[in-house]
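K.L.:
Contents of coords-v3.cif (mmCIF, C-alpha atoms and all ligand atoms):
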```
data_work
#
loop_
_atom_site.label_atom_id
_atom_site.label_comp_id
_atom_site.auth_asym_id
_atom_site.auth_seq_id
_atom_site.Cartn_x
_atom_site.Cartn_y
_atom_site.Cartn_z
CA MET A 5 0.00 0.00 0.00
CA ASN A 6 0.98 3.63 -0.44
CA ILE A 7 0.33 5.27 2.92
CA GLY A 8 0.58 8.91 3.92
CA ILE A 9 1.22 9.43 7.64
CA VAL A 10 0.41 12.86 9.05
CA CYS A 11 1.81 13.49 12.52
CA TYR A 12 3.50 15.90 14.89
CA PRO A 13 7.26 15.54 14.59
CA THR A 14 7.96 16.59 18.16
CA TYR A 15 8.78 14.81 21.41
CA GLY A 16 5.36 13.33 22.17
CA GLY A 17 3.58 10.00 22.18
CA SER A 18 1.44 10.46 19.08
CA GLY A 19 4.46 11.36 16.92
CA ILE A 20 6.44 8.44 18.34
CA VAL A 21 3.63 5.94 17.66
CA ALA A 22 3.13 7.33 14.13
CA THR A 23 6.85 7.11 13.37
CA GLU A 24 7.35 3.60 14.79
CA LEU A 25 4.24 2.43 12.90
CA GLY A 26 5.53 3.96 9.65
CA ILE A 27 8.97 2.34 10.05
CA SER A 28 7.44 -1.02 10.79
CA LEU A 29 5.07 -0.81 7.79
CA ALA A 30 7.97 0.27 5.55
CA ASN A 31 9.91 -2.82 6.71
CA ARG A 32 6.92 -4.88 5.57
CA GLY A 33 7.24 -3.42 2.05
CA HIS A 34 4.64 -0.63 2.11
CA LYS A 35 5.61 2.80 0.80
CA ILE A 36 5.31 5.31 3.62
CA HIS A 37 5.10 9.06 3.06
CA PHE A 38 5.45 11.13 6.24
CA ILE A 39 3.84 14.56 5.96
CA SER A 40 4.70 17.08 8.66
CA TYR A 41 6.34 20.48 9.23
CA ALA A 42 9.63 18.86 10.34
CA LEU A 43 11.32 15.47 10.21
CA PRO A 44 9.76 13.26 12.93
CA MET A 45 12.04 12.69 15.91
CA ARG A 46 12.79 9.00 15.51
CA LEU A 47 13.26 9.23 11.73
CA ASP A 48 16.87 10.30 11.79
CA GLU A 49 18.41 7.74 9.42
CA PHE A 50 17.77 6.52 5.89
CA ILE A 51 15.17 3.75 5.78
CA PRO A 52 14.11 2.17 2.48
CA ASN A 53 10.44 2.80 1.52
CA ILE A 54 10.20 5.91 3.71
CA TYR A 55 9.81 9.39 2.26
CA PHE A 56 9.42 12.69 4.05
CA HIS A 57 7.37 15.62 2.71
CA GLU A 58 7.79 18.91 4.53
CA VAL A 59 4.79 21.20 4.94
CA GLU A 60 5.79 24.79 4.34
CA PHE A 61 3.63 27.66 5.38
CA SER A 62 3.61 31.34 4.72
CA ASN A 63 4.68 34.02 7.19
CA TYR A 64 3.04 36.76 5.10
CA PRO A 65 2.70 39.80 7.44
CA LEU A 66 -1.10 39.95 7.10
CA PHE A 67 -1.37 36.60 8.92
CA GLU A 68 -0.91 37.06 12.61
CA PHE A 69 -0.82 33.26 13.10
CA PRO A 70 0.69 30.58 10.85
CA LEU A 71 -2.04 28.97 8.73
CA TYR A 72 -1.04 25.32 9.09
CA THR A 73 -4.37 23.60 8.33
CA PRO A 74 -4.68 24.74 4.66
CA SER A 75 -0.93 24.35 4.02
CA LEU A 76 -1.07 20.78 5.33
CA ALA A 77 -4.18 20.05 3.22
CA SER A 78 -2.40 21.34 0.10
CA LYS A 79 0.62 19.13 0.84
CA ILE A 80 -1.63 16.09 1.36
CA VAL A 81 -3.30 16.83 -2.01
CA GLU A 82 0.12 16.97 -3.71
CA VAL A 83 1.46 13.79 -2.11
CA ALA A 84 -1.78 11.84 -2.59
CA LYS A 85 -1.94 12.77 -6.28
CA PHE A 86 1.68 12.22 -7.26
CA GLN A 87 2.49 9.29 -4.96
CA ASN A 88 -0.80 7.53 -5.55
CA LEU A 89 -1.74 7.28 -1.92
CA ASP A 90 -4.30 4.66 -0.92
CA ILE A 91 -4.58 5.92 2.65
CA VAL A 92 -3.92 9.09 4.60
CA HIS A 93 -3.46 8.17 8.26
CA ALA A 94 -3.84 11.21 10.52
CA HIS A 95 -2.32 10.83 14.00
CA TYR A 96 -3.82 13.27 16.54
CA ALA A 97 -7.05 14.78 15.25
CA ILE A 98 -6.24 18.50 15.53
CA PRO A 99 -5.81 19.70 12.81
CA HIS A 100 -4.61 16.61 10.93
CA ALA A 101 -8.04 14.98 10.50
CA THR A 102 -9.46 18.28 9.26
CA SER A 103 -6.67 18.84 6.71
CA ALA A 104 -7.01 15.24 5.51
CA TYR A 105 -10.78 15.69 5.06
CA LEU A 106 -10.20 18.91 3.12
CA ALA A 107 -7.60 17.23 0.90
CA LYS A 108 -9.98 14.37 0.12
CA GLN A 109 -12.71 16.83 -0.86
CA ILE A 110 -10.31 18.74 -3.10
CA LEU A 111 -9.14 15.53 -4.78
CA ASN A 112 -12.72 14.37 -5.12
CA ASP A 113 -11.36 10.82 -4.95
CA ASN A 114 -13.45 8.25 -3.17
CA LYS A 115 -10.71 5.64 -3.41
CA LEU A 116 -8.47 7.64 -1.09
CA LYS A 117 -9.33 6.66 2.49
CA VAL A 118 -8.75 8.86 5.52
CA ILE A 119 -8.04 7.14 8.83
CA THR A 120 -7.78 9.15 12.04
CA THR A 121 -6.10 7.84 15.17
CA LEU A 122 -7.14 9.60 18.36
CA HIS A 123 -4.29 9.84 20.84
CA GLY A 124 -5.25 11.83 23.90
CA THR A 125 -5.55 15.52 24.53
CA ASP A 126 -7.01 15.94 21.02
CA ILE A 127 -10.10 14.43 22.69
CA THR A 128 -9.71 14.84 26.44
CA LEU A 129 -8.46 18.44 26.66
CA VAL A 130 -7.81 20.66 23.65
CA GLY A 131 -10.49 19.14 21.42
CA MET A 132 -13.17 19.96 24.00
CA GLU A 133 -12.57 23.71 23.73
CA PRO A 134 -15.62 25.37 22.11
CA TYR A 135 -13.41 26.85 19.38
CA PHE A 136 -12.42 23.34 18.26
CA LEU A 137 -15.33 21.06 19.18
CA PRO A 138 -17.65 21.35 16.13
CA VAL A 139 -14.74 21.02 13.70
CA MET A 140 -13.36 18.04 15.62
CA LYS A 141 -16.68 16.24 15.76
CA PHE A 142 -17.16 16.82 12.03
CA SER A 143 -13.62 15.73 11.08
CA ILE A 144 -13.82 12.55 13.18
CA GLU A 145 -17.22 11.64 11.76
CA GLN A 146 -16.08 12.28 8.18
CA SER A 147 -12.99 10.03 8.49
CA ASP A 148 -13.39 6.70 6.68
CA GLY A 149 -11.93 4.94 9.72
CA VAL A 150 -11.27 6.00 13.30
CA THR A 151 -9.07 4.28 15.85
CA ALA A 152 -8.40 5.11 19.49
CA VAL A 153 -5.40 3.99 21.55
CA SER A 154 -7.49 2.75 24.51
CA HIS A 155 -11.03 1.76 25.46
CA PHE A 156 -11.09 4.74 27.79
CA LEU A 157 -10.39 7.10 24.89
CA LYS A 158 -12.98 5.41 22.66
CA ASN A 159 -15.67 5.77 25.35
CA MET A 160 -14.69 9.35 26.08
CA THR A 161 -14.87 10.25 22.37
CA ILE A 162 -18.35 8.75 22.04
CA LYS A 163 -19.52 10.51 25.20
CA ASN A 164 -17.93 13.93 24.68
CA TYR A 165 -18.64 14.26 20.97
CA ASN A 166 -21.78 12.18 20.82
CA ILE A 167 -20.24 10.25 17.94
CA GLN A 168 -22.19 7.40 16.37
CA LYS A 169 -19.30 6.20 14.24
CA GLU A 170 -17.60 2.88 14.92
CA ILE A 171 -14.24 3.39 16.66
CA GLU A 172 -11.69 0.58 16.61
CA VAL A 173 -9.43 0.30 19.66
CA ILE A 174 -5.85 -0.42 18.59
CA PRO A 175 -3.54 0.07 21.57
CA ASN A 176 -0.06 1.54 21.42
CA PHE A 177 2.83 -0.84 21.09
CA VAL A 178 6.46 -1.43 21.98
CA ASP A 179 9.31 -3.09 20.11
CA SER A 180 10.43 -5.57 22.76
CA LYS A 181 13.65 -6.37 20.89
CA LYS A 182 14.68 -2.74 21.32
CA TYR A 183 12.96 -2.04 24.64
CA SER A 184 14.57 -4.73 26.80
CA ARG A 185 16.78 -4.40 29.84
CA LYS A 186 20.43 -3.91 28.86
CA ILE A 187 22.36 -2.44 31.77
CA ASN A 188 25.33 -0.22 30.99
CA PHE A 189 27.08 -0.33 34.39
CA GLU A 190 29.44 2.49 33.55
CA PHE A 191 26.44 4.75 32.79
CA ARG A 192 24.59 3.50 35.88
CA ASN A 193 27.46 4.41 38.17
CA ARG A 194 27.78 7.84 36.60
CA ILE A 195 24.10 8.57 37.29
CA ALA A 196 23.89 7.52 40.94
CA PRO A 197 25.94 6.09 43.83
CA LYS A 198 25.96 2.26 43.84
CA GLU A 199 23.78 1.97 46.96
CA ASN A 200 21.04 4.28 45.61
CA LYS A 201 17.79 3.14 44.04
CA ILE A 202 17.02 4.88 40.74
CA ILE A 203 13.59 6.36 40.06
CA VAL A 204 12.79 7.59 36.54
CA HIS A 205 10.15 9.93 35.12
CA ILE A 206 9.90 10.68 31.38
CA SER A 207 7.47 13.22 29.93
CA ASN A 208 7.06 16.41 27.95
CA PHE A 209 6.76 18.44 31.18
CA ARG A 210 3.27 19.78 30.59
CA ALA A 211 0.86 20.52 33.45
CA VAL A 212 -1.14 17.36 32.65
CA LYS A 213 1.91 15.24 33.62
CA ARG A 214 1.98 16.62 37.20
CA VAL A 215 5.79 16.56 37.40
CA GLU A 216 5.45 18.52 40.65
CA ASP A 217 3.92 15.40 42.18
CA VAL A 218 6.97 13.41 41.06
CA ILE A 219 9.16 15.79 43.06
CA LYS A 220 6.85 15.71 46.10
CA ILE A 221 6.79 11.90 46.08
CA PHE A 222 10.55 11.66 45.61
CA ASN A 223 11.14 14.19 48.40
CA LYS A 224 9.44 11.73 50.77
CA ILE A 225 11.01 8.57 49.33
CA CYS A 226 14.59 9.81 49.49
CA LYS A 227 14.26 10.53 53.22
CA ILE A 228 13.64 6.81 53.78
CA VAL A 229 15.50 5.01 50.97
CA PRO A 230 18.78 6.31 49.50
CA SER A 231 17.73 7.17 45.98
CA THR A 232 18.30 9.27 42.87
CA LEU A 233 15.57 10.72 40.65
CA VAL A 234 16.24 10.89 36.91
CA LEU A 235 14.00 13.31 34.98
CA VAL A 236 13.96 12.97 31.20
CA GLY A 237 12.25 15.36 28.77
CA ASP A 238 11.53 19.03 28.47
CA GLY A 239 8.55 21.34 28.22
CA PRO A 240 6.77 24.34 29.72
CA GLU A 241 6.97 23.15 33.35
CA ARG A 242 10.72 22.40 33.37
CA SER A 243 11.91 25.72 34.81
CA SER A 244 9.41 25.71 37.67
CA ILE A 245 10.29 22.08 38.42
CA GLU A 246 13.99 22.89 38.58
CA LYS A 247 13.15 25.80 40.91
CA MET A 248 11.19 23.41 43.14
CA ILE A 249 14.18 21.04 43.21
CA ARG A 250 16.43 23.90 44.36
CA THR A 251 13.90 25.08 46.99
CA LEU A 252 13.68 21.58 48.44
CA LYS A 253 17.48 21.27 48.30
CA LEU A 254 17.29 18.14 46.19
CA GLU A 255 19.88 19.21 43.59
CA ASP A 256 22.31 16.42 44.61
CA LYS A 257 19.64 13.77 44.33
CA VAL A 258 17.91 14.74 41.08
CA ARG A 259 19.38 14.49 37.57
CA CYS A 260 17.50 16.61 34.98
CA LEU A 261 18.72 15.12 31.71
CA GLY A 262 16.41 17.02 29.32
CA LYS A 263 15.49 15.41 26.00
CA GLN A 264 17.30 12.13 25.42
CA SER A 265 17.34 9.81 22.44
CA ASP A 266 18.51 6.59 24.17
CA LEU A 267 15.65 5.87 26.55
CA VAL A 268 16.50 2.16 26.79
CA GLU A 269 19.84 2.91 28.45
CA ILE A 270 18.06 5.07 31.05
CA LEU A 271 15.11 2.72 31.65
CA SER A 272 17.48 -0.24 31.99
CA ILE A 273 19.02 1.20 35.15
CA ALA A 274 15.68 2.17 36.75
CA ASP A 275 14.20 0.46 39.82
CA LEU A 276 10.90 2.34 39.52
CA PHE A 277 9.02 4.53 37.02
CA LEU A 278 6.68 7.27 38.25
CA LEU A 279 3.77 8.60 36.13
CA PRO A 280 1.32 10.58 38.31
CA SER A 281 -0.48 12.27 35.34
CA GLN A 282 -3.79 14.04 35.70
CA ILE A 283 -4.97 11.97 32.75
CA GLU A 284 -3.39 9.70 30.15
CA SER A 285 -5.30 8.16 27.31
CA PHE A 286 -2.73 5.36 27.31
CA GLY A 287 0.69 6.18 28.78
CA LEU A 288 3.24 5.04 26.21
CA ALA A 289 6.12 5.97 28.53
CA ALA A 290 4.78 3.51 31.12
CA LEU A 291 4.61 0.73 28.53
CA GLU A 292 8.19 1.38 27.37
CA ALA A 293 9.33 1.25 31.01
CA MET A 294 7.47 -2.03 31.61
CA SER A 295 9.02 -3.59 28.53
CA CYS A 296 12.43 -2.79 30.06
CA GLY A 297 11.39 -4.52 33.29
CA VAL A 298 10.63 -1.41 35.33
CA PRO A 299 7.63 -1.53 37.71
CA VAL A 300 5.41 1.54 37.30
CA VAL A 301 3.53 3.50 39.94
CA SER A 302 1.00 5.62 38.06
CA SER A 303 -2.26 7.41 38.60
CA ASN A 304 -5.39 5.38 38.03
CA SER A 305 -6.91 7.84 35.60
CA GLY A 306 -7.87 7.37 31.96
CA GLY A 307 -6.31 4.55 29.99
CA LEU A 308 -3.41 4.01 32.38
CA THR A 309 -5.24 1.16 34.08
CA GLU A 310 -5.34 -0.63 30.71
CA VAL A 311 -1.52 -0.62 30.78
CA VAL A 312 -0.47 -0.76 34.44
CA ILE A 313 -2.19 -3.51 36.43
CA ASN A 314 -2.53 -2.60 40.08
CA ASN A 315 -0.64 -4.92 42.42
CA GLU A 316 0.55 -7.06 39.51
CA THR A 317 2.91 -4.98 37.33
CA GLY A 318 3.09 -2.01 39.71
CA PHE A 319 0.61 0.11 41.63
CA THR A 320 -1.98 2.72 40.68
CA ALA A 321 -3.19 5.53 42.96
CA ASP A 322 -5.65 8.43 42.84
CA VAL A 323 -4.42 11.56 41.07
CA GLY A 324 -2.59 13.79 43.56
CA ASP A 325 -2.55 11.22 46.37
CA ILE A 326 1.11 11.81 47.27
CA ASP A 327 0.95 9.63 50.40
CA ASN A 328 -0.24 6.56 48.57
CA PHE A 329 2.18 7.12 45.67
CA THR A 330 4.97 7.27 48.26
CA LYS A 331 3.75 4.22 50.18
CA TYR A 332 3.49 2.12 47.00
CA SER A 333 6.88 3.29 45.71
CA LEU A 334 8.53 2.38 49.02
CA GLN A 335 6.92 -1.06 48.98
CA ILE A 336 8.50 -1.75 45.59
CA LEU A 337 11.88 -0.26 46.49
CA GLN A 338 12.14 -2.02 49.86
CA ASN A 339 10.86 -5.47 48.96
CA LYS A 340 13.13 -7.28 46.51
CA GLU A 341 10.72 -10.17 46.03
CA LEU A 342 7.83 -7.84 45.19
CA HIS A 343 10.09 -5.83 42.87
CA ASN A 344 11.13 -8.98 40.98
CA SER A 345 7.59 -10.22 40.68
CA PHE A 346 6.37 -6.83 39.32
CA MET A 347 9.40 -6.68 37.02
CA ASN A 348 8.61 -10.07 35.45
CA ALA A 349 4.89 -9.34 35.24
CA SER A 350 5.63 -5.99 33.54
CA ILE A 351 7.81 -7.60 30.88
CA ASN A 352 5.27 -10.37 30.30
CA ARG A 353 2.34 -7.97 29.98
CA ALA A 354 4.19 -5.61 27.63
CA HIS A 355 5.19 -8.49 25.37
CA LYS A 356 1.95 -10.45 25.50
CA TYR A 357 -0.49 -7.62 24.81
CA PHE A 358 1.47 -4.75 23.28
CA GLU A 359 4.20 -6.33 21.13
CA MET A 360 4.88 -4.26 18.01
CA ASP A 361 4.38 -6.96 15.35
CA GLN A 362 1.03 -7.99 16.77
CA ILE A 363 -0.31 -4.41 16.86
CA VAL A 364 1.09 -3.47 13.44
CA ASP A 365 -0.76 -6.55 12.07
CA ARG A 366 -3.93 -5.01 13.47
CA TYR A 367 -3.28 -1.67 11.76
CA GLU A 368 -2.53 -3.46 8.48
CA ASN A 369 -5.78 -5.45 8.70
CA TYR A 370 -7.70 -2.31 9.59
CA TYR A 371 -6.28 -0.52 6.52
CA LEU A 372 -7.40 -3.43 4.32
CA LYS A 373 -10.88 -3.38 5.87
CA ILE A 374 -11.27 0.36 5.30
CA LEU A 375 -9.94 0.11 1.73
CA GLN A 376 -12.66 -2.42 0.98
CA SER A 377 -15.42 -0.33 2.54
O1 LIG B 401 -2.18 14.25 24.28
C1 LIG B 401 -1.01 14.44 24.55
O2 LIG B 401 -0.52 14.69 25.63
C2 LIG B 401 -0.10 14.37 23.44
C3 LIG B 401 -0.08 13.01 22.93
C4 LIG B 401 1.08 13.10 22.06
O3 LIG B 401 0.89 13.39 20.93
O4 LIG B 401 2.17 12.99 22.57
O5 LIG B 401 0.00 12.01 23.95
C5 LIG B 401 -1.09 11.14 24.01
O6 LIG B 401 -0.81 10.13 23.09
C6 LIG B 401 0.11 9.12 23.51
C7 LIG B 401 0.30 8.15 22.34
O7 LIG B 401 -0.89 7.56 21.97
C8 LIG B 401 -0.42 8.44 24.76
O8 LIG B 401 0.46 7.41 25.17
C9 LIG B 401 -0.55 9.49 25.86
O9 LIG B 401 -1.14 8.87 26.99
C10 LIG B 401 -1.42 10.64 25.40
N1 LIG B 401 -1.32 11.72 26.38
C11 LIG B 401 -2.36 12.05 27.17
O10 LIG B 401 -3.44 11.51 27.11
C12 LIG B 401 -2.09 13.14 28.13
#
```
Let me see the file written as structure tokens.

P.N.:
Amino acid sequence: MNIGIVCYPTYGGSGIVATELGISLANRGHKIHFISYALPMRLDEFIPNIYFHEVEFSNYPLFEFPLYTPSLASKIVEVAKFQNLDIVHAHYAIPHATSAYLAKQILNDNKLKVITTLHGTDITLVGMEPYFLPVMKFSIEQSDGVTAVSHFLKNMTIKNYNIQKEIEVIPNFVDSKKYSRKINFEFRNRIAPKENKIIVHISNFRAVKRVEDVIKIFNKICKIVPSTLVLVGDGPERSSIEKMIRTLKLEDKVRCLGKQSDLVEILSIADLFLLPSQIESFGLAALEAMSCGVPVVSSNSGGLTEVVINNETGFTADVGDIDNFTKYSLQILQNKELHNSFMNASINRAHKYFEMDQIVDRYENYYLKILQS
């Protein structure tokens, strides 16, 4: 198949899923055309069957804001026409599903199918704003196929947008060959003293991730168990988080690494992964940690409970319940037997239910179904 993938190229789950899916489909012989305003993050080497088409947009002085939606639609029209696309797969609805709809109308080609994958805040937060809602509802309903990354997100979409359309749940995935525990001891000893436990948090440091809670929980843990906190990622909350670390005098115990490309090396040295988000439609970072054998303590909101199984692969707690997050974290860090059991259960769950090949099969079959519709 000739498949156009429209995604955000930045450090975020939807872009990562789109890129890994595209690479995997390209390895299966499909021709994949990425369409975005910059090269997606994990697409930094030449891969046969993968092409990148950059969306350019005007900065003409009359426009106070960049007009991405029509520029993207025009680029989709061009790529679909000259590369003979069968499918345009839009990851994250805003504005990708809208631009894809527009492109299909312009092409007036019923054979071209538009598939939209809903990822998270496009439904749970941003998409609910009154200035987006009618356009989102319309764009989702007009897509030839719609998938959501969790049952939670599917139900929320139906409820919030009153959508009658069938939504297929295809969960996110992990490449277990890549995401497996490989400890680099030299790196481990550079990050923390030998006797310390290592706690990791990875996110794009937005308010929804509640990174402040990570610091509050760690501040309690490190008073009981010698430990080091490793923070990976960057975003709007980073400066205030670093200020909080200084105020609490935790500078010696917290490593703020910023954006990192080799997450496996970092996850492989972790004893615990913390994800206290306000809401997650799925929680890809938790799945990648589990695949590397790291027990996760997360909030019990949204789709996280479809990934992290309470008292089996880790623990889940109410959003903002710092005491319980701390209690559960300490249980894992202080009980080797429990840690090992959660570690094995995490690896098994990641591989049994979320293995890349199995999920990419599901996307491939879904494409075929929509093409025949
Ligand atoms: O919605 C976001 O925060 C952005 C989005 C993204 O594009 O990075 O993340 C969402 O999609 C990921 C991939 O499907 C999910 O693993 C994340 O849980 C989800 N984020 C939220 O729901 C907050």

K.L.:
Taking all atoms listed in the file and a cut-off of 6 Å, can you tell me which residues surround ligand LIG 401 (chain B), written as a PDB file with C-alpha atoms, keeping the file's coordinate frame?

P.N.:
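Here's the written file pocket-v8.pdb:
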```pdb
ATOM      1  CA  GLY A  16       5.360  13.330  22.170  1.00  0.00           C
ATOM      2  CA  GLY A  17       3.580  10.000  22.180  1.00  0.00           C
ATOM      3  CA  SER A  18       1.440  10.460  19.080  1.00  0.00           C
ATOM      4  CA  GLY A  19       4.460  11.360  16.920  1.00  0.00           C
ATOM      5  CA  HIS A 123      -4.290   9.840  20.840  1.00  0.00           C
ATOM      6  CA  GLY A 124      -5.250  11.830  23.900  1.00  0.00           C
ATOM      7  CA  THR A 125      -5.550  15.520  24.530  1.00  0.00           C
ATOM      8  CA  VAL A 153      -5.400   3.990  21.550  1.00  0.00           C
ATOM      9  CA  ILE A 283      -4.970  11.970  32.750  1.00  0.00           C
ATOM     10  CA  GLU A 284      -3.390   9.700  30.150  1.00  0.00           C
ATOM     11  CA  SER A 285      -5.300   8.160  27.310  1.00  0.00           C
ATOM     12  CA  PHE A 286      -2.730   5.360  27.310  1.00  0.00           C
ATOM     13  CA  GLY A 287       0.690   6.180  28.780  1.00  0.00           C
ATOM     14  CA  LEU A 288       3.240   5.040  26.210  1.00  0.00           C
TER      15      LEU A 288
END
```

K.L.:
Within 12 Å of range 116-119 of chain A, counting all atoms listed in the file, which residues qualify if same-chain residues fewer than 3 places away don't, as an mmCIF file with C-alpha atoms, keeping the file's coordinate frame?

P.N.:
```
data_model
loop_
_atom_site.group_PDB
_atom_site.id
_atom_site.type_symbol
_atom_site.label_atom_id
_atom_site.label_comp_id
_atom_site.auth_asym_id
_atom_site.auth_seq_id
_atom_site.Cartn_x
_atom_site.Cartn_y
_atom_site.Cartn_z
ATOM 1 C CA MET A 5 0.000 0.000 0.000
ATOM 2 C CA ASN A 6 0.980 3.630 -0.440
ATOM 3 C CA ILE A 7 0.330 5.270 2.920
ATOM 4 C CA GLY A 8 0.580 8.910 3.920
ATOM 5 C CA ILE A 9 1.220 9.430 7.640
ATOM 6 C CA VAL A 10 0.410 12.860 9.050
ATOM 7 C CA ILE A 80 -1.630 16.090 1.360
ATOM 8 C CA VAL A 81 -3.300 16.830 -2.010
ATOM 9 C CA VAL A 83 1.460 13.790 -2.110
ATOM 10 C CA ALA A 84 -1.780 11.840 -2.590
ATOM 11 C CA LYS A 85 -1.940 12.770 -6.280
ATOM 12 C CA GLN A 87 2.490 9.290 -4.960
ATOM 13 C CA ASN A 88 -0.800 7.530 -5.550
ATOM 14 C CA LEU A 89 -1.740 7.280 -1.920
ATOM 15 C CA ASP A 90 -4.300 4.660 -0.920
ATOM 16 C CA ILE A 91 -4.580 5.920 2.650
ATOM 17 C CA VAL A 92 -3.920 9.090 4.600
ATOM 18 C CA HIS A 93 -3.460 8.170 8.260
ATOM 19 C CA ALA A 94 -3.840 11.210 10.520
ATOM 20 C CA HIS A 95 -2.320 10.830 14.000
ATOM 21 C CA TYR A 96 -3.820 13.270 16.540
ATOM 22 C CA ALA A 97 -7.050 14.780 15.250
ATOM 23 C CA HIS A 100 -4.610 16.610 10.930
ATOM 24 C CA ALA A 101 -8.040 14.980 10.500
ATOM 25 C CA THR A 102 -9.460 18.280 9.260
ATOM 26 C CA SER A 103 -6.670 18.840 6.710
ATOM 27 C CA ALA A 104 -7.010 15.240 5.510
ATOM 28 C CA TYR A 105 -10.780 15.690 5.060
ATOM 29 C CA LEU A 106 -10.200 18.910 3.120
ATOM 30 C CA ALA A 107 -7.600 17.230 0.900
ATOM 31 C CA LYS A 108 -9.980 14.370 0.120
ATOM 32 C CA GLN A 109 -12.710 16.830 -0.860
ATOM 33 C CA ILE A 110 -10.310 18.740 -3.100
ATOM 34 C CA LEU A 111 -9.140 15.530 -4.780
ATOM 35 C CA ASN A 112 -12.720 14.370 -5.120
ATOM 36 C CA ASP A 113 -11.360 10.820 -4.950
ATOM 37 C CA LEU A 122 -7.140 9.600 18.360
ATOM 38 C CA SER A 143 -13.620 15.730 11.080
ATOM 39 C CA ILE A 144 -13.820 12.550 13.180
ATOM 40 C CA GLU A 145 -17.220 11.640 11.760
ATOM 41 C CA GLN A 146 -16.080 12.280 8.180
ATOM 42 C CA SER A 147 -12.990 10.030 8.490
ATOM 43 C CA ASP A 148 -13.390 6.700 6.680
ATOM 44 C CA GLY A 149 -11.930 4.940 9.720
ATOM 45 C CA VAL A 150 -11.270 6.000 13.300
ATOM 46 C CA THR A 151 -9.070 4.280 15.850
ATOM 47 C CA ALA A 152 -8.400 5.110 19.490
ATOM 48 C CA ILE A 171 -14.240 3.390 16.660
ATOM 49 C CA GLU A 172 -11.690 0.580 16.610
ATOM 50 C CA TYR A 367 -3.280 -1.670 11.760
ATOM 51 C CA GLU A 368 -2.530 -3.460 8.480
ATOM 52 C CA TYR A 370 -7.700 -2.310 9.590
ATOM 53 C CA TYR A 371 -6.280 -0.520 6.520
ATOM 54 C CA LEU A 372 -7.400 -3.430 4.320
ATOM 55 C CA LYS A 373 -10.880 -3.380 5.870
ATOM 56 C CA ILE A 374 -11.270 0.360 5.300
ATOM 57 C CA LEU A 375 -9.940 0.110 1.730
ATOM 58 C CA GLN A 376 -12.660 -2.420 0.980
ATOM 59 C CA SER A 377 -15.420 -0.330 2.540
#
```

K.L.:
Which of these, A:Glu49, A:Asp325, A:Asp126, A:Asp275, has the shortest distance to Gln338 in chain A once you count all atoms listed in the file?

P.N.:
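Of the candidates, the smallest distance to Gln338 in chain A is held by A:Asp275.
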
K.L.:
Name the closest residue to Val218 in chain A among the candidates A:Ile326, A:Ile195, A:Ile54, A:Met347; distances are taken between atoms, counting all atoms listed in the file.

P.N.:
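Of all the options, A:Ile326 lies closest to Val218 in chain A.
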
K.L.:
Rank nothing, just name the residue among A:Pro99, A:Pro134, A:Gly262, A:Pro299 nearest to Asn208 in chain A, using only C-alpha atoms.

P.N.:
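Selected residue with least distance to Asn208 in chain A: A:Gly262.
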
K.L.:
Determine the nearest neighbour of Ile39 in chain A from the options A:Ala196, A:Leu25, A:Leu76, A:Ile273, counting all atoms listed in the file.

P.N.:
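Smallest distance to Ile39 in chain A is found for A:Leu76.
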
K.L.:
Restricting the calculation to only C-alpha atoms, which member of A:Asp256, A:Asp179, A:Glu190, A:Glu316 is positioned closest to Ser295 in chain A?

P.N.:
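Going through A:Asp256, A:Asp179, A:Glu190, A:Glu316 one by one, the smallest distance to Ser295 in chain A is for A:Asp179.
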
K.L.:
As a VMD selection string, please: the residues near Phe61 in chain A (cut-off 12 Å, only C-alpha atoms, same-chain neighbours under 3 positions excluded).

P.N.:
chain A and resid 40 to 42 58 64 67 69 to 79

K.L.:
Measuring atom to atom with all atoms listed in the file, identify which of A:Asn344, A:Phe56, A:Ile98, A:Gly239 is nearest to Ile127 in chain A.

P.N.:
A:Ile98

K.L.:
Please, what distance in Å, to one decimal, runs between CA of Val173 in chain A and CA of Pro52 in chain A?

P.N.:
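Distance between the two atoms: 29.2 Å.
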
K.L.:
List as a PyMOL selection string the residues having at least one atom at most 10 Å from position (12.1, 4.9, 52.6) as given in the file, counting all atoms listed in the file.

P.N.:
chain A and resi 222+224-231+330-331+333-335+337-338

K.L.:
Rounded to one decimal place, report the CA of Tyr332 in chain A-CA of Ser302 in chain A distance in Å.

P.N.:
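Atom-to-atom, CA of Tyr332 in chain A to CA of Ser302 in chain A, that is 9.9 Å.
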
K.L.:
Quick one: pull the distance between CA of Ile51 in chain A and CA of Arg185 in chain A, Å, one decimal.

P.N.:
25.5 Å

K.L.:
Pick out the residues sitting within 8 Å of Val178 in chain A, and hand them over as a tab-separated table (two decimals) with C-alpha atoms, keeping the file's coordinate frame; count all atoms listed in the file, and ignore anything fewer than 5 positions along from it in its own chain.

P.N.:
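Just written: around.tsv:
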```
chain	number	residue	atom	x	y	z
A	183	TYR	CA	12.96	-2.04	24.64
A	291	LEU	CA	4.61	0.73	28.53
A	292	GLU	CA	8.19	1.38	27.37
A	295	SER	CA	9.02	-3.59	28.53
A	354	ALA	CA	4.19	-5.61	27.63
A	355	HIS	CA	5.19	-8.49	25.37
A	358	PHE	CA	1.47	-4.75	23.28
A	359	GLU	CA	4.20	-6.33	21.13
A	360	MET	CA	4.88	-4.26	18.01
```

K.L.:
List as a count of residues only the residues having at least one atom at most 7 Å from position (13.2, 14.5, 32.5) as given in the file, counting only C-alpha atoms.

P.N.:
12
